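The next block is structure-v5.cif, given as mmCIF, C-alpha atoms.
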data_structure
loop_
_atom_site.group_PDB
_atom_site.id
_atom_site.type_symbol
_atom_site.label_atom_id
_atom_site.label_comp_id
_atom_site.auth_asym_id
_atom_site.auth_seq_id
_atom_site.Cartn_x
_atom_site.Cartn_y
_atom_site.Cartn_z
ATOM 1 C CA MET V 22 29.172 -15.607 -71.739
ATOM 2 C CA ARG V 23 29.129 -14.289 -75.307
ATOM 3 C CA ALA V 24 26.510 -16.011 -77.477
ATOM 4 C CA VAL V 25 25.521 -15.871 -81.117
ATOM 5 C CA PHE V 26 21.971 -16.905 -82.046
ATOM 6 C CA LEU V 27 20.867 -18.556 -85.294
ATOM 7 C CA GLY V 28 17.143 -18.824 -86.000
ATOM 8 C CA THR V 29 14.481 -17.877 -88.512
ATOM 9 C CA PRO V 30 10.762 -18.561 -87.749
ATOM 10 C CA SER V 31 8.572 -17.144 -85.003
ATOM 11 C CA ALA V 32 9.007 -20.352 -82.984
ATOM 12 C CA ALA V 33 12.647 -19.334 -82.393
ATOM 13 C CA ILE V 34 11.883 -15.918 -80.898
ATOM 14 C CA ALA V 35 11.194 -17.144 -77.356
ATOM 15 C CA SER V 36 14.607 -18.825 -77.217
ATOM 16 C CA LEU V 37 16.288 -15.607 -78.342
ATOM 17 C CA GLY V 38 14.541 -13.701 -75.567
ATOM 18 C CA PHE V 39 15.466 -16.253 -72.885
ATOM 19 C CA LEU V 40 19.046 -16.465 -74.177
ATOM 20 C CA ALA V 41 19.423 -12.739 -73.618
ATOM 21 C CA GLU V 42 18.642 -13.322 -69.929
ATOM 22 C CA VAL V 43 21.666 -15.589 -69.404
ATOM 23 C CA ALA V 44 24.152 -14.434 -72.044
ATOM 24 C CA ASP V 45 25.479 -11.424 -73.910
ATOM 25 C CA VAL V 46 23.966 -11.869 -77.370
ATOM 26 C CA VAL V 47 26.652 -10.510 -79.677
ATOM 27 C CA GLY V 48 24.878 -11.356 -82.916
ATOM 28 C CA VAL V 49 21.661 -12.746 -84.391
ATOM 29 C CA ILE V 50 21.930 -14.618 -87.676
ATOM 30 C CA THR V 51 18.849 -15.428 -89.707
ATOM 31 C CA ARG V 52 17.987 -16.402 -93.263
ATOM 32 C CA PRO V 53 17.836 -13.720 -95.982
ATOM 33 C CA ASP V 54 14.615 -11.846 -96.713
ATOM 34 C CA ARG V 55 12.465 -13.768 -99.197
ATOM 35 C CA PRO V 56 9.561 -12.788 -101.498
ATOM 36 C CA ARG V 57 6.203 -13.445 -99.887
ATOM 37 C CA GLY V 58 2.560 -12.583 -100.357
ATOM 38 C CA ARG V 59 0.679 -11.790 -103.519
ATOM 39 C CA ARG V 60 2.964 -8.935 -104.445
ATOM 40 C CA ARG V 61 6.043 -11.132 -103.854
ATOM 41 C CA GLY V 62 7.850 -8.331 -102.074
ATOM 42 C CA PRO V 63 10.806 -9.145 -99.790
ATOM 43 C CA ALA V 64 9.707 -10.030 -96.247
ATOM 44 C CA ALA V 65 11.940 -10.236 -93.202
ATOM 45 C CA PRO V 66 12.053 -13.485 -91.202
ATOM 46 C CA PRO V 67 10.273 -13.190 -87.824
ATOM 47 C CA VAL V 68 13.567 -13.528 -85.915
ATOM 48 C CA LYS V 69 15.026 -10.576 -87.813
ATOM 49 C CA THR V 70 12.031 -8.430 -86.879
ATOM 50 C CA ALA V 71 12.369 -9.363 -83.201
ATOM 51 C CA ALA V 72 16.146 -8.881 -83.172
ATOM 52 C CA LYS V 73 15.773 -5.454 -84.753
ATOM 53 C CA GLU V 74 13.236 -4.402 -82.117
ATOM 54 C CA TRP V 75 15.502 -5.623 -79.322
ATOM 55 C CA GLY V 76 18.604 -3.964 -80.734
ATOM 56 C CA PHE V 77 20.743 -7.024 -81.508
ATOM 57 C CA PRO V 78 23.288 -6.980 -84.367
ATOM 58 C CA ILE V 79 21.809 -8.891 -87.332
ATOM 59 C CA GLY V 80 23.450 -10.940 -90.074
ATOM 60 C CA GLN V 81 21.789 -12.633 -93.060
ATOM 61 C CA PRO V 82 24.489 -14.601 -94.900
ATOM 62 C CA GLU V 83 23.529 -16.215 -98.190
ATOM 63 C CA SER V 84 26.013 -19.104 -98.183
ATOM 64 C CA ARG V 85 27.835 -21.390 -95.758
ATOM 65 C CA GLY V 86 31.070 -19.564 -96.496
ATOM 66 C CA GLU V 87 29.507 -16.218 -95.616
ATOM 67 C CA LEU V 88 27.968 -17.756 -92.498
ATOM 68 C CA ALA V 89 31.311 -19.068 -91.267
ATOM 69 C CA ALA V 90 32.931 -15.673 -91.816
ATOM 70 C CA VAL V 91 30.206 -13.906 -89.817
ATOM 71 C CA LEU V 92 30.552 -16.423 -86.978
ATOM 72 C CA GLU V 93 34.322 -16.063 -86.859
ATOM 73 C CA ARG V 94 34.029 -12.282 -86.531
ATOM 74 C CA ALA V 95 31.604 -12.647 -83.602
ATOM 75 C CA HIS V 96 34.205 -14.256 -81.287
ATOM 76 C CA ALA V 97 31.411 -15.954 -79.329
ATOM 77 C CA ASP V 98 31.757 -18.522 -76.565
ATOM 78 C CA ILE V 99 28.661 -20.465 -77.668
ATOM 79 C CA GLY V 100 26.274 -20.594 -80.583
ATOM 80 C CA VAL V 101 22.571 -21.356 -80.184
ATOM 81 C CA VAL V 102 20.507 -22.679 -83.120
ATOM 82 C CA VAL V 103 16.703 -22.821 -83.253
ATOM 83 C CA ALA V 104 15.170 -23.734 -86.636
ATOM 84 C CA TYR V 105 17.759 -21.735 -88.559
ATOM 85 C CA GLY V 106 17.275 -23.560 -91.863
ATOM 86 C CA MET V 107 20.866 -24.397 -92.842
ATOM 87 C CA LEU V 108 23.198 -27.142 -91.638
ATOM 88 C CA LEU V 109 26.467 -25.904 -90.149
ATOM 89 C CA ASP V 110 29.718 -27.149 -91.671
ATOM 90 C CA ARG V 111 32.925 -27.821 -89.728
ATOM 91 C CA ARG V 112 34.304 -24.327 -90.249
ATOM 92 C CA SER V 113 31.183 -22.792 -88.683
ATOM 93 C CA LEU V 114 31.096 -25.315 -85.836
ATOM 94 C CA ASP V 115 34.688 -24.413 -84.960
ATOM 95 C CA ALA V 116 33.956 -20.669 -84.919
ATOM 96 C CA THR V 117 32.951 -20.494 -81.226
ATOM 97 C CA ARG V 118 34.912 -21.441 -78.126
ATOM 98 C CA VAL V 119 32.533 -24.136 -76.832
ATOM 99 C CA GLY V 120 30.605 -25.067 -79.971
ATOM 100 C CA PHE V 121 26.908 -24.918 -80.827
ATOM 101 C CA VAL V 122 23.720 -26.188 -79.239
ATOM 102 C CA ASN V 123 20.362 -26.774 -80.895
ATOM 103 C CA VAL V 124 16.878 -26.418 -79.416
ATOM 104 C CA HIS V 125 15.030 -29.201 -81.250
ATOM 105 C CA PHE V 126 11.288 -29.784 -80.932
ATOM 106 C CA SER V 127 11.244 -33.541 -80.319
ATOM 107 C CA LEU V 128 12.531 -36.155 -77.905
ATOM 108 C CA LEU V 129 15.620 -37.141 -79.849
ATOM 109 C CA PRO V 130 16.517 -39.507 -81.403
ATOM 110 C CA ARG V 131 12.822 -39.668 -82.342
ATOM 111 C CA TRP V 132 11.973 -37.304 -85.206
ATOM 112 C CA ARG V 133 15.236 -35.951 -86.501
ATOM 113 C CA GLY V 134 14.710 -33.388 -89.235
ATOM 114 C CA ALA V 135 12.836 -30.244 -90.212
ATOM 115 C CA ALA V 136 9.243 -31.195 -89.270
ATOM 116 C CA PRO V 137 9.307 -33.088 -85.951
ATOM 117 C CA VAL V 138 6.098 -31.540 -84.617
ATOM 118 C CA GLU V 139 4.002 -32.462 -87.646
ATOM 119 C CA HIS V 140 5.357 -36.009 -87.835
ATOM 120 C CA SER V 141 4.766 -36.643 -84.133
ATOM 121 C CA ILE V 142 1.080 -35.720 -84.469
ATOM 122 C CA ILE V 143 0.554 -37.695 -87.683
ATOM 123 C CA ALA V 144 2.154 -40.771 -86.107
ATOM 124 C CA GLY V 145 -0.220 -40.626 -83.133
ATOM 125 C CA ASP V 146 2.499 -40.025 -80.524
ATOM 126 C CA THR V 147 1.087 -39.231 -77.089
ATOM 127 C CA LYS V 148 4.242 -37.481 -75.852
ATOM 128 C CA THR V 149 6.848 -35.198 -77.326
ATOM 129 C CA GLY V 150 9.152 -32.526 -75.977
ATOM 130 C CA VAL V 151 12.268 -30.480 -76.567
ATOM 131 C CA SER V 152 15.853 -31.701 -76.744
ATOM 132 C CA LEU V 153 18.801 -29.405 -76.127
ATOM 133 C CA MET V 154 21.628 -31.037 -78.056
ATOM 134 C CA SER V 155 25.246 -30.331 -78.883
ATOM 135 C CA ILE V 156 25.537 -29.918 -82.647
ATOM 136 C CA ASP V 157 27.807 -32.085 -84.779
ATOM 137 C CA GLU V 158 27.969 -32.300 -88.577
ATOM 138 C CA GLY V 159 24.997 -34.698 -88.810
ATOM 139 C CA LEU V 160 21.296 -33.898 -88.974
ATOM 140 C CA ASP V 161 20.166 -33.739 -85.328
ATOM 141 C CA THR V 162 22.619 -36.485 -84.387
ATOM 142 C CA GLY V 163 24.616 -34.736 -81.650
ATOM 143 C CA PRO V 164 24.669 -35.724 -77.973
ATOM 144 C CA ILE V 165 21.803 -34.653 -75.717
ATOM 145 C CA ILE V 166 22.402 -32.048 -73.022
ATOM 146 C CA ALA V 167 18.903 -31.878 -71.508
ATOM 147 C CA ILE V 168 15.281 -32.654 -72.362
ATOM 148 C CA VAL V 169 11.797 -31.622 -71.290
ATOM 149 C CA GLU V 170 8.616 -33.582 -72.058
ATOM 150 C CA THR V 171 5.000 -32.617 -72.736
ATOM 151 C CA ASP V 172 1.839 -34.535 -73.614
ATOM 152 C CA ILE V 173 0.277 -34.236 -77.056
ATOM 153 C CA ALA V 174 -3.396 -33.426 -76.542
ATOM 154 C CA GLU V 175 -6.038 -34.869 -78.847
ATOM 155 C CA ASP V 176 -6.892 -31.384 -80.114
ATOM 156 C CA ASP V 177 -3.320 -30.109 -80.529
ATOM 157 C CA THR V 178 -2.628 -28.752 -83.987
ATOM 158 C CA GLY V 179 0.834 -28.310 -85.425
ATOM 159 C CA GLY V 180 0.644 -24.599 -84.660
ATOM 160 C CA ILE V 181 -0.547 -24.997 -81.072
ATOM 161 C CA LEU V 182 2.019 -27.660 -80.244
ATOM 162 C CA THR V 183 4.856 -25.682 -81.834
ATOM 163 C CA ALA V 184 3.930 -22.633 -79.768
ATOM 164 C CA ARG V 185 3.988 -24.674 -76.562
ATOM 165 C CA LEU V 186 7.293 -26.318 -77.421
ATOM 166 C CA SER V 187 8.865 -22.969 -78.287
ATOM 167 C CA VAL V 188 8.264 -21.727 -74.741
ATOM 168 C CA LEU V 189 9.373 -25.002 -73.138
ATOM 169 C CA GLY V 190 12.493 -24.979 -75.292
ATOM 170 C CA ALA V 191 13.345 -21.399 -74.359
ATOM 171 C CA GLN V 192 13.045 -22.211 -70.664
ATOM 172 C CA LEU V 193 15.149 -25.346 -71.076
ATOM 173 C CA LEU V 194 17.825 -23.347 -72.891
ATOM 174 C CA ALA V 195 18.042 -20.699 -70.183
ATOM 175 C CA ASN V 196 18.184 -23.314 -67.412
ATOM 176 C CA ALA V 197 20.765 -25.649 -68.960
ATOM 177 C CA LEU V 198 23.045 -23.491 -71.115
ATOM 178 C CA PRO V 199 25.165 -21.844 -68.396
ATOM 179 C CA ALA V 200 25.968 -25.212 -66.803
ATOM 180 C CA PHE V 201 26.866 -26.689 -70.195
ATOM 181 C CA VAL V 202 29.186 -23.814 -71.113
ATOM 182 C CA ASN V 203 30.860 -24.011 -67.695
ATOM 183 C CA GLY V 204 31.463 -27.759 -68.097
ATOM 184 C CA ALA V 205 29.108 -28.805 -65.303
ATOM 185 C CA LEU V 206 26.608 -30.529 -67.630
ATOM 186 C CA HIS V 207 27.824 -33.415 -69.776
ATOM 187 C CA PRO V 208 25.913 -34.507 -72.921
ATOM 188 C CA ALA V 209 24.879 -38.129 -73.512
ATOM 189 C CA ASP V 210 25.138 -39.777 -76.927
ATOM 190 C CA GLN V 211 21.947 -40.576 -78.827
ATOM 191 C CA ILE V 212 20.933 -44.155 -79.577
ATOM 192 C CA ASP V 213 21.077 -44.099 -83.364
ATOM 193 C CA THR V 214 19.130 -47.346 -83.781
ATOM 194 C CA ALA V 215 16.077 -45.643 -82.234
ATOM 195 C CA ALA V 216 16.144 -42.717 -84.669
ATOM 196 C CA THR V 217 13.209 -41.768 -86.874
ATOM 197 C CA GLN V 218 13.189 -39.145 -89.611
ATOM 198 C CA ALA V 219 10.971 -36.073 -89.930
ATOM 199 C CA PRO V 220 11.601 -34.460 -93.334
ATOM 200 C CA ARG V 221 9.881 -31.208 -94.240
ATOM 201 C CA LEU V 222 6.352 -31.704 -95.577
ATOM 202 C CA THR V 223 5.646 -29.941 -98.850
ATOM 203 C CA PRO V 224 2.228 -28.616 -99.916
ATOM 204 C CA ALA V 225 2.026 -31.480 -102.415
ATOM 205 C CA GLU V 226 2.530 -33.984 -99.581
ATOM 206 C CA ALA V 227 -0.266 -32.291 -97.617
ATOM 207 C CA ARG V 228 -2.816 -33.653 -100.088
ATOM 208 C CA LEU V 229 -5.103 -36.075 -98.228
ATOM 209 C CA ASP V 230 -5.349 -39.635 -99.530
ATOM 210 C CA PRO V 231 -8.821 -41.163 -98.994
ATOM 211 C CA ALA V 232 -7.246 -44.632 -99.096
ATOM 212 C CA LEU V 233 -5.681 -43.987 -95.679
ATOM 213 C CA PRO V 234 -7.484 -44.730 -92.392
ATOM 214 C CA ALA V 235 -9.784 -41.946 -91.222
ATOM 215 C CA GLU V 236 -7.965 -41.496 -87.909
ATOM 216 C CA VAL V 237 -4.677 -40.935 -89.733
ATOM 217 C CA LEU V 238 -6.325 -38.330 -91.945
ATOM 218 C CA VAL V 239 -7.739 -36.510 -88.900
ATOM 219 C CA ARG V 240 -4.284 -36.402 -87.313
ATOM 220 C CA THR V 241 -2.822 -35.181 -90.601
ATOM 221 C CA VAL V 242 -5.308 -32.311 -90.749
ATOM 222 C CA ARG V 243 -4.360 -31.323 -87.192
ATOM 223 C CA ALA V 244 -0.632 -31.651 -87.824
ATOM 224 C CA LEU V 245 -0.636 -29.498 -90.950
ATOM 225 C CA HIS V 246 -2.719 -26.667 -89.491
ATOM 226 C CA PRO V 247 -2.010 -23.855 -90.079
ATOM 227 C CA ARG V 248 0.903 -24.659 -92.430
ATOM 228 C CA PRO V 249 1.180 -26.015 -95.044
ATOM 229 C CA GLY V 250 -2.501 -26.963 -94.657
ATOM 230 C CA ALA V 251 -4.187 -30.243 -95.600
ATOM 231 C CA TRP V 252 -6.235 -30.276 -98.798
ATOM 232 C CA LEU V 253 -8.260 -32.339 -101.243
ATOM 233 C CA THR V 254 -8.984 -32.115 -104.947
ATOM 234 C CA VAL V 255 -12.770 -32.139 -105.113
ATOM 235 C CA ASP V 256 -14.082 -32.554 -108.640
ATOM 236 C CA THR V 257 -11.602 -30.158 -110.310
ATOM 237 C CA SER V 258 -10.990 -27.674 -107.480
ATOM 238 C CA ARG V 259 -8.731 -27.561 -104.438
ATOM 239 C CA LEU V 260 -10.465 -27.705 -101.061
ATOM 240 C CA GLY V 261 -8.488 -26.948 -97.920
ATOM 241 C CA VAL V 262 -9.448 -28.939 -94.836
ATOM 242 C CA LEU V 263 -8.962 -26.976 -91.607
ATOM 243 C CA ARG V 264 -10.743 -29.227 -89.102
ATOM 244 C CA ALA V 265 -11.944 -32.792 -89.386
ATOM 245 C CA GLY V 266 -13.380 -35.685 -87.429
ATOM 246 C CA TRP V 267 -14.055 -39.307 -88.257
ATOM 247 C CA VAL V 268 -16.884 -41.817 -88.146
ATOM 248 C CA PRO V 269 -16.672 -45.621 -88.356
ATOM 249 C CA SER V 270 -18.637 -45.835 -91.591
ATOM 250 C CA GLY V 271 -18.943 -43.601 -94.640
ATOM 251 C CA PRO V 272 -19.623 -43.413 -98.374
ATOM 252 C CA ASP V 273 -17.623 -45.174 -101.053
ATOM 253 C CA LEU V 274 -13.896 -44.429 -101.078
ATOM 254 C CA GLY V 275 -13.270 -40.821 -102.046
ATOM 255 C CA ARG V 276 -16.930 -39.870 -102.313
ATOM 256 C CA ILE V 277 -18.291 -36.972 -100.216
ATOM 257 C CA GLU V 278 -21.921 -37.163 -99.136
ATOM 258 C CA LEU V 279 -24.133 -35.493 -96.549
ATOM 259 C CA ILE V 280 -24.569 -37.786 -93.558
ATOM 260 C CA GLY V 281 -26.368 -36.470 -90.506
ATOM 261 C CA GLY V 282 -26.164 -32.956 -91.906
ATOM 262 C CA MET V 283 -22.369 -33.066 -92.314
ATOM 263 C CA PRO V 284 -20.184 -33.755 -95.369
ATOM 264 C CA VAL V 285 -18.394 -37.079 -94.958
ATOM 265 C CA MET V 286 -15.679 -38.449 -97.260
ATOM 266 C CA GLY V 287 -15.355 -42.191 -97.619
ATOM 267 C CA THR V 288 -11.996 -43.601 -96.455
ATOM 268 C CA SER V 289 -10.420 -47.038 -96.252
ATOM 269 C CA ASP V 290 -12.033 -47.785 -92.898
ATOM 270 C CA GLY V 291 -14.828 -45.274 -92.382
ATOM 271 C CA GLY V 292 -15.479 -41.621 -93.060
ATOM 272 C CA LEU V 293 -13.684 -38.298 -92.680
ATOM 273 C CA VAL V 294 -16.060 -35.583 -91.458
ATOM 274 C CA LEU V 295 -15.217 -32.215 -93.019
ATOM 275 C CA LEU V 296 -15.893 -29.871 -90.102
ATOM 276 C CA GLU V 297 -14.268 -26.729 -91.519
ATOM 277 C CA VAL V 298 -13.004 -26.127 -95.046
ATOM 278 C CA VAL V 299 -11.785 -23.367 -97.327
ATOM 279 C CA ALA V 300 -12.539 -23.403 -101.049
ATOM 280 C CA GLU V 301 -10.235 -21.707 -103.541
ATOM 281 C CA GLY V 302 -10.612 -17.940 -103.381
ATOM 282 C CA ARG V 303 -13.027 -18.144 -100.436
ATOM 283 C CA ARG V 304 -12.918 -17.650 -96.699
ATOM 284 C CA PRO V 305 -12.979 -20.578 -94.256
ATOM 285 C CA GLN V 306 -16.453 -21.921 -93.583
ATOM 286 C CA PRO V 307 -18.149 -24.845 -91.835
ATOM 287 C CA GLY V 308 -18.184 -27.978 -93.928
ATOM 288 C CA ALA V 309 -21.971 -28.047 -93.786
ATOM 289 C CA ALA V 310 -22.150 -24.532 -95.270
ATOM 290 C CA TRP V 311 -19.809 -25.553 -98.089
ATOM 291 C CA MET V 312 -21.984 -28.570 -98.838
ATOM 292 C CA ASN V 313 -25.117 -26.415 -98.747
ATOM 293 C CA GLY V 314 -23.492 -24.230 -101.399
ATOM 294 C CA ARG V 315 -23.393 -27.330 -103.548
ATOM 295 C CA ARG V 316 -27.125 -27.865 -102.828
ATOM 296 C CA GLY V 317 -26.156 -31.056 -101.039
ATOM 297 C CA GLU V 318 -24.882 -32.695 -104.212
ATOM 298 C CA PRO V 319 -22.289 -35.439 -103.594
ATOM 299 C CA ALA V 320 -18.708 -34.728 -104.652
ATOM 300 C CA GLN V 321 -15.864 -36.942 -105.826
ATOM 301 C CA VAL V 322 -12.304 -36.595 -104.530
ATOM 302 C CA ARG V 323 -9.420 -37.093 -106.963
ATOM 303 C CA TRP V 324 -6.131 -38.445 -105.660
#
Encoded form (structure tokens):
Amino acid sequence: MRAVFLGTPSAAIASLGFLAEVADVVGVITRPDRPRGRRRGPAAPPVKTAAKEWGFPIGQPESRGELAAVLERAHADIGVVVAYGMLLDRRSLDATRVGFVNVHFSLLPRWRGAAPVEHSIIAGDTKTGVSLMSIDEGLDTGPIIAIVETDIAEDDTGGILTARLSVLGAQLLANALPAFVNGALHPADQIDTAATQAPRLTPAEARLDPALPAEVLVRTVRALHPRPGAWLTVDTSRLGVLRAGWVPSGPDLGRIELIGGMPVMGTSDGGLVLLEVVAEGRRPQPGAAWMNGRRGEPAQVRW
């Protein structure tokens, strides 16, 4: 079985490794190098780094037309997509003998889109999982080949849950793909009326709103750690919130005060306890230490 792999972030690397156990990987396609860091120098996507170390042929097309041309030259039986970052058009989908499958980090049709892990935590879901789906021209709308479930723990962050799902997804791919390619595993259509959307969350959308319930804000902090990171505007400065808890009562809405030795921000139904924060240009520190640096003076959040 000849396979071509499309993926970009580190969460896709496990699937690439497991794919190589059941298929001949004839090409790895990832997004182009992009400027990163303070110096804004070009940085390779994590999948490119892994593929280079493992000796796979690498392609980094800039456009859908270039992508389709690369896929057509690969003459693959199957294409595997894991968080690649570009929707495939009909020409690309027709470039392999069997089609394409996607390892998606949710229990489809719940949480279609680019940020299913973050949205599942914010929403308070107790379960999630990985769906192996056959790709059509829609956004995560194709029929389901196989799924695997996992619980969402109360202390799971977006990063921790993504790491767990990446391994589960890689195992699911290796177990189900050969049977699908051989025609022994038949996909089932999704129930579109049960679909929910999980669009990518921008840094601007990671700004915490004190008017929301404290429990929602705690889940948001967990979901957005480590990226893009939840934050507040305190007085006139940005304050990142790395860990948080909640209490049933707190200061006035948007006001941060020391309560029981901990900084607590007033919310719509209680208080958000700032357990660990990072001020602009500083290293992460306990919330109490940050408040001590302010000599315990209350702060006002702007939103």
Between segment 182-228 of chain V and segment 246-266 of chain V, at 8 Å or less, what are the per-residue closest atom pairs and their distances in Å? Count all atoms listed in the file, order by chain and rising residue number, and return it as CSV.
residue,atom,partner,partner_atom,distance
V:Leu222,CA,V:Pro249,CA,7.7
V:Thr223,CA,V:Pro249,CA,7.1
V:Pro224,CA,V:Pro249,CA,5.6
V:Ala227,CA,V:Ala251,CA,4.9
V:Arg228,CA,V:Trp252,CA,5.0
Using the selection just defined, write its residues with C-alpha atoms as a short mmCIF file (atom, residue, chain, number, x, y, z; two decimals), keeping the file's coordinate frame.
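So the final result, stored in part-v1.cif, reads:
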data_model
loop_
_atom_site.label_atom_id
_atom_site.label_comp_id
_atom_site.auth_asym_id
_atom_site.auth_seq_id
_atom_site.Cartn_x
_atom_site.Cartn_y
_atom_site.Cartn_z
CA LEU V 222 6.35 -31.70 -95.58
CA THR V 223 5.65 -29.94 -98.85
CA PRO V 224 2.23 -28.62 -99.92
CA ALA V 227 -0.27 -32.29 -97.62
CA ARG V 228 -2.82 -33.65 -100.09
#
Tell me which protein, DNA and RNA residues are within 7 Å of Ala216 of chain V, counting all atoms listed in the file, leaving out same-chain ones fewer than 5 positions away, and put them as a list in words.
Pro130, Arg131 and Trp132 of chain V
Spatial neighbours of Gly275 of chain V, 8 Å, all atoms listed in the file, chain gap at least 6 places, as a VMD selection string
chain V and resid 231 to 232 286 to 288 321 to 323
Would you tabulate, counting only C-alpha atoms, all residues of segment 44-131 of chain V that have an atom at most 6 Å from an atom of segment 153-177 of chain V, showing the closest pair of atoms and their distance in Å to one decimal, sorted by chain then ascending number, as CSV?
residue,atom,partner,partner_atom,distance
V:Phe121,CA,V:Ile156,CA,5.5
V:Val122,CA,V:Ser155,CA,4.4
V:Asn123,CA,V:Met154,CA,5.3
V:Val124,CA,V:Leu153,CA,4.8
Apply the PyMOL selection byres ((chain V and resi 133-139) around 7) to the structure shown and report the selected residues as a ChimeraX atom specification.
/V:126-127,129-132,140-143,160-161,179,183,217-222,244-245
Can you write just those residues out, C-alpha atoms, as a PDB file, keeping the file's coordinate frame?
ATOM      1  CA  PHE V 126      11.288 -29.784 -80.932  1.00  0.00           C
ATOM      2  CA  SER V 127      11.244 -33.541 -80.319  1.00  0.00           C
ATOM      3  CA  LEU V 129      15.620 -37.141 -79.849  1.00  0.00           C
ATOM      4  CA  PRO V 130      16.517 -39.507 -81.403  1.00  0.00           C
ATOM      5  CA  ARG V 131      12.822 -39.668 -82.342  1.00  0.00           C
ATOM      6  CA  TRP V 132      11.973 -37.304 -85.206  1.00  0.00           C
ATOM      7  CA  HIS V 140       5.357 -36.009 -87.835  1.00  0.00           C
ATOM      8  CA  SER V 141       4.766 -36.643 -84.133  1.00  0.00           C
ATOM      9  CA  ILE V 142       1.080 -35.720 -84.469  1.00  0.00           C
ATOM     10  CA  ILE V 143       0.554 -37.695 -87.683  1.00  0.00           C
ATOM     11  CA  LEU V 160      21.296 -33.898 -88.974  1.00  0.00           C
ATOM     12  CA  ASP V 161      20.166 -33.739 -85.328  1.00  0.00           C
ATOM     13  CA  GLY V 179       0.834 -28.310 -85.425  1.00  0.00           C
ATOM     14  CA  THR V 183       4.856 -25.682 -81.834  1.00  0.00           C
ATOM     15  CA  THR V 217      13.209 -41.768 -86.874  1.00  0.00           C
ATOM     16  CA  GLN V 218      13.189 -39.145 -89.611  1.00  0.00           C
ATOM     17  CA  ALA V 219      10.971 -36.073 -89.930  1.00  0.00           C
ATOM     18  CA  PRO V 220      11.601 -34.460 -93.334  1.00  0.00           C
ATOM     19  CA  ARG V 221       9.881 -31.208 -94.240  1.00  0.00           C
ATOM     20  CA  LEU V 222       6.352 -31.704 -95.577  1.00  0.00           C
ATOM     21  CA  ALA V 244      -0.632 -31.651 -87.824  1.00  0.00           C
ATOM     22  CA  LEU V 245      -0.636 -29.498 -90.950  1.00  0.00           C
TER      23      LEU V 245
END
Using the chain letters and numbers from this file, what does the PyMOL selection byres ((chain V and resi 82-98) around 10) select? Give the answer as a VMD selection string.
chain V and resid 22 to 26 44 to 53 79 to 81 99 to 100 107 to 121 202
Those selected residues, please, written with C-alpha atoms and delivered as a compact mmCIF listing (two decimals), keeping the file's coordinate frame.
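The resulting file, out13.txt, is reproduced below:
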# COMPACT_ATOMS: atom_id res chain seq x y z
CA MET V 22 29.17 -15.61 -71.74
CA ARG V 23 29.13 -14.29 -75.31
CA ALA V 24 26.51 -16.01 -77.48
CA VAL V 25 25.52 -15.87 -81.12
CA PHE V 26 21.97 -16.90 -82.05
CA ALA V 44 24.15 -14.43 -72.04
CA ASP V 45 25.48 -11.42 -73.91
CA VAL V 46 23.97 -11.87 -77.37
CA VAL V 47 26.65 -10.51 -79.68
CA GLY V 48 24.88 -11.36 -82.92
CA VAL V 49 21.66 -12.75 -84.39
CA ILE V 50 21.93 -14.62 -87.68
CA THR V 51 18.85 -15.43 -89.71
CA ARG V 52 17.99 -16.40 -93.26
CA PRO V 53 17.84 -13.72 -95.98
CA ILE V 79 21.81 -8.89 -87.33
CA GLY V 80 23.45 -10.94 -90.07
CA GLN V 81 21.79 -12.63 -93.06
CA ILE V 99 28.66 -20.46 -77.67
CA GLY V 100 26.27 -20.59 -80.58
CA MET V 107 20.87 -24.40 -92.84
CA LEU V 108 23.20 -27.14 -91.64
CA LEU V 109 26.47 -25.90 -90.15
CA ASP V 110 29.72 -27.15 -91.67
CA ARG V 111 32.92 -27.82 -89.73
CA ARG V 112 34.30 -24.33 -90.25
CA SER V 113 31.18 -22.79 -88.68
CA LEU V 114 31.10 -25.32 -85.84
CA ASP V 115 34.69 -24.41 -84.96
CA ALA V 116 33.96 -20.67 -84.92
CA THR V 117 32.95 -20.49 -81.23
CA ARG V 118 34.91 -21.44 -78.13
CA VAL V 119 32.53 -24.14 -76.83
CA GLY V 120 30.60 -25.07 -79.97
CA PHE V 121 26.91 -24.92 -80.83
CA VAL V 202 29.19 -23.81 -71.11
Name the residues that the PyMOL selection byres ((chain V and resi 104) around 8) picks from the file above, as a PyMOL selection string, using the file's chain letters and numbers.
chain V and resi 27-30+32-33+102-103+105-106+124-125+135
Which value, in Å to one decimal, gives the distance between atom CA of Asp290 of chain V and atom CA of Ile181 of chain V?
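Atom CA of Asp290 of chain V sits 28.1 Å away from atom CA of Ile181 of chain V.
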Would you mind reading off the distance between atom CA of Arg55 of chain V and atom CA of Val299 of chain V, one decimal, in Å?
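Between atom CA of Arg55 of chain V and atom CA of Val299 of chain V the gap works out to 26.1 Å.
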Kindly list the centre and edge lengths in Å, rounded to one decimal, for the axis-aligned box that covers all listed atoms of segment 170-188 of chain V plus 6 Å on each of its six sides, as JSON.
{"center_x": 1.0, "center_y": -28.3, "center_z": -78.7, "size_x": 27.8, "size_y": 25.1, "size_z": 25.4}
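Note that the spacing between atom CA of Lys69 of chain V and atom CA of Ser36 of chain V amounts to 13.4 Å.
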Just want the 12 Å neighbourhood of segment 279-285 of chain V, counted on only C-alpha atoms, with same-chain residues fewer than 5 positions away dropped. Output as an MDAnalysis selection string.
chainID V and resid 231 235 262 265:274 291:298 307:322
Residue with smallest distance to Glu236 of chain V - pool V:Ser289, V:Ala64, V:Trp75, V:Thr149, counting all atoms listed in the file
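Among the listed residues, the smallest separation from Glu236 of chain V belongs to V:Ser289.
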Rank nothing, just name the residue among V:Gly76, V:Phe39, V:Ala225, V:Pro63 nearest to Leu193 of chain V, using only C-alpha atoms.
V:Phe39
Could you tell me which of V:Thr241, V:Gln192, V:Gln306, V:Gln211 comes closest to Ala41 of chain V if we count all atoms listed in the file?
V:Gln192
